[in-house]
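Undergrad: What follows is a single structure, and I will ask about it in a moment.
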Amino acid sequence: MSHAERSDSHHRQFAMRPSKVLRVIREGGVASCLKVISSDPRIVETMAASGTDAVWVCTEHTPTNYENIENQVRAAKVFDVDLIVRCSRGSYSDHIRGLEADAVAVMVPHIMGLADARDVVRMTKFPPLGRRACDGGNVDGLYTRIEFTEYLAQANAERFTIFQIEDPEPLDELEAIAECPGVDMLFFGPGDYSAAVGIPGQIWDPKTMKVGERIARVARKAGKMAGTVAVPDKVRTLCDMGYNLLNIGGDVSALAVYSDERIDQFRQCIADIKNG
């Protein structure tokens, strides 16, 4: 057996870890997600241990770096949980670094129209869908152990790109965006959308919900996934709309509630002591 044949045989033993989110959705389920603002992998590991399907981290609004993200991916994998990275808008490198760290998905904020969506596909998908820059030497390619053409095929099949719709501008081309090859999921961002249309923070306002319902319907009609944010009493409503990925909480809000409750309880205890 030649060296090349031994090398090929060795490479075929390796494959990308299949996406849990895609597995759940392909089986007809609704995938859960928790958001982590902290750059500490321990927080991701704590969240992943809950049994969630995915943890969402962010480079758009936080100072986290990709060394942290690689460790956050590893922390999620301990519990067979997907990591989703919301990227910064910029060069193609900004769009693919999360994928090269072996996140299962990159979430791209503020898709503004069909041309923008096509540019994102070009940057985040390997041929024949796009023109993503190739480098199998990172953890997603198991450091060159996955045979090159297999690496490209597996990345297109088991990794996905999330297109955030959170402005009024892309709504005129929403159907075309959803039908664009390489667009895997439309994700409605009701916070930014509500601010853009003059009702900031009113994410459950009927006007906001109507847009959210349209986004889910259009995505599912095109055979694509639909995601958004949720709270427990809205899960059924959003599932009925067609959403099959729901972010249902995050570390910052959980810590804020916990710390506020504990300090309020402490102050009440001190007041009770003073009052005898």
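Going by the structure tokens order, chains are called A, B, ..., each with residues numbered from 1, while ligands are numbered from 1 in the order shown.
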If you run DSSP over the backbone, which residues in segment 21-241 of chain A end up helix (DSSP H, G or I)? Put them as a PyMOL selection string.

TA: chain A and resi 21-26+41-48+66-77+92-100+114-124+139-141+148-158+169-179+190-196+206-221+232-241

Undergrad: Can you pull out the residues contacting Lys224 of chain A? Cut-off 6 Å, using only C-alpha atoms, and skip same-chain residues under 2 positions away; I want them as a list in words.

TA: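 Everything that qualifies: Asp184, Met185, Ala219, Arg220 and Ala222 of chain A.
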
Undergrad: Check the smallest atom-to-atom distance from each of A:Gln268, A:Gly250, A:His110, A:Pro128 to Thr46 of chain A using only C-alpha atoms, then report the winner.

TA: A:Gly250

Undergrad: Please, what distance in Å, to one decimal, runs between atom CA of Glu67 of chain A and atom CA of Asp40 of chain A?

TA: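 If I compute the distance from atom CA of Glu67 of chain A to atom CA of Asp40 of chain A, I get 10.8 Å.
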
Undergrad: What's the 6 Å shell around segment 187-204 of chain A, counting only C-alpha atoms, without same-chain residues fewer than 4 positions away, as number ranges by chain?

TA: A: 163-167, 208-209, 226-228

Undergrad: Since we have the selection now, will you write its residues out, keeping C-alpha atoms, as a PDB file, in the first residue's frame?

TA:
ATOM      1  CA  PHE A 163     -29.916  34.711   8.173  1.00  0.00           C
ATOM      2  CA  GLN A 164     -31.259  37.214  10.684  1.00  0.00           C
ATOM      3  CA  ILE A 165     -34.222  39.231   9.482  1.00  0.00           C
ATOM      4  CA  GLU A 166     -34.493  42.122  11.910  1.00  0.00           C
ATOM      5  CA  ASP A 167     -35.144  45.183   9.756  1.00  0.00           C
ATOM      6  CA  THR A 208     -44.271  42.650  15.474  1.00  0.00           C
ATOM      7  CA  MET A 209     -45.851  39.216  15.786  1.00  0.00           C
ATOM      8  CA  ALA A 226     -37.237  29.227  10.954  1.00  0.00           C
ATOM      9  CA  GLY A 227     -35.864  30.553  14.240  1.00  0.00           C
ATOM     10  CA  THR A 228     -36.581  33.303  16.737  1.00  0.00           C
TER      11      THR A 228
END

Undergrad: Identify, with DSSP run on backbone atoms, the residues in segment 11-180 of chain A assigned to strand (DSSP E), and express the list as a list in words.

TA: Ala31, Ser32, Cys33, Leu34, Lys35, Val36, Ala54, Val55, Trp56, Val57, Cys58, Asp82, Leu83, Ile84, Val85, Arg86, Ala105, Val106, Met107, Val108, Phe160, Thr161, Ile162, Phe163, Gln164 and Ile165 of chain A

Undergrad: Keeping only C-alpha atoms, write the selected residues as an mmCIF file, in the first residue's frame.

TA:
data_model
loop_
_atom_site.group_PDB
_atom_site.id
_atom_site.type_symbol
_atom_site.label_atom_id
_atom_site.label_comp_id
_atom_site.auth_asym_id
_atom_site.auth_seq_id
_atom_site.Cartn_x
_atom_site.Cartn_y
_atom_site.Cartn_z
ATOM 1 C CA ALA A 31 -34.819 22.585 18.633
ATOM 2 C CA SER A 32 -34.054 24.548 21.788
ATOM 3 C CA CYS A 33 -31.307 27.123 22.224
ATOM 4 C CA LEU A 34 -29.841 29.133 25.093
ATOM 5 C CA LYS A 35 -27.808 32.307 24.613
ATOM 6 C CA VAL A 36 -24.471 32.976 26.334
ATOM 7 C CA ALA A 54 -27.755 24.464 21.094
ATOM 8 C CA VAL A 55 -25.968 27.341 22.775
ATOM 9 C CA TRP A 56 -25.711 30.660 20.959
ATOM 10 C CA VAL A 57 -22.668 32.879 21.492
ATOM 11 C CA CYS A 58 -22.008 36.261 19.960
ATOM 12 C CA ASP A 82 -24.296 22.502 19.100
ATOM 13 C CA LEU A 83 -22.640 25.899 19.337
ATOM 14 C CA ILE A 84 -24.002 28.724 17.162
ATOM 15 C CA VAL A 85 -21.855 31.814 16.626
ATOM 16 C CA ARG A 86 -23.408 35.136 15.708
ATOM 17 C CA ALA A 105 -23.787 27.407 12.493
ATOM 18 C CA VAL A 106 -22.931 31.002 11.873
ATOM 19 C CA MET A 107 -25.714 33.514 12.493
ATOM 20 C CA VAL A 108 -25.397 36.584 10.305
ATOM 21 C CA PHE A 160 -25.696 25.771 8.435
ATOM 22 C CA THR A 161 -26.015 29.509 8.016
ATOM 23 C CA ILE A 162 -28.675 31.513 9.834
ATOM 24 C CA PHE A 163 -29.916 34.711 8.173
ATOM 25 C CA GLN A 164 -31.259 37.214 10.684
ATOM 26 C CA ILE A 165 -34.222 39.231 9.482
#

Undergrad: So, counting only C-alpha atoms, which residue among A:Lys210, A:Arg159, A:Lys77, A:Arg97 is closest to Cys134 of chain A?

TA: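 Among the listed residues, the smallest separation from Cys134 of chain A belongs to A:Arg97.
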
Undergrad: Find the residues near Pro41 of chain A: any atom within 12 Å, counting only C-alpha atoms, skip ones fewer than 4 places away on the same chain, and give them as JSON, numbers by chain.

TA: {"A": [36, 37, 45, 46, 47, 48, 55, 57, 64, 65, 66, 67, 68, 69, 70, 71, 72, 73, 74, 75, 76, 77, 78, 83]}
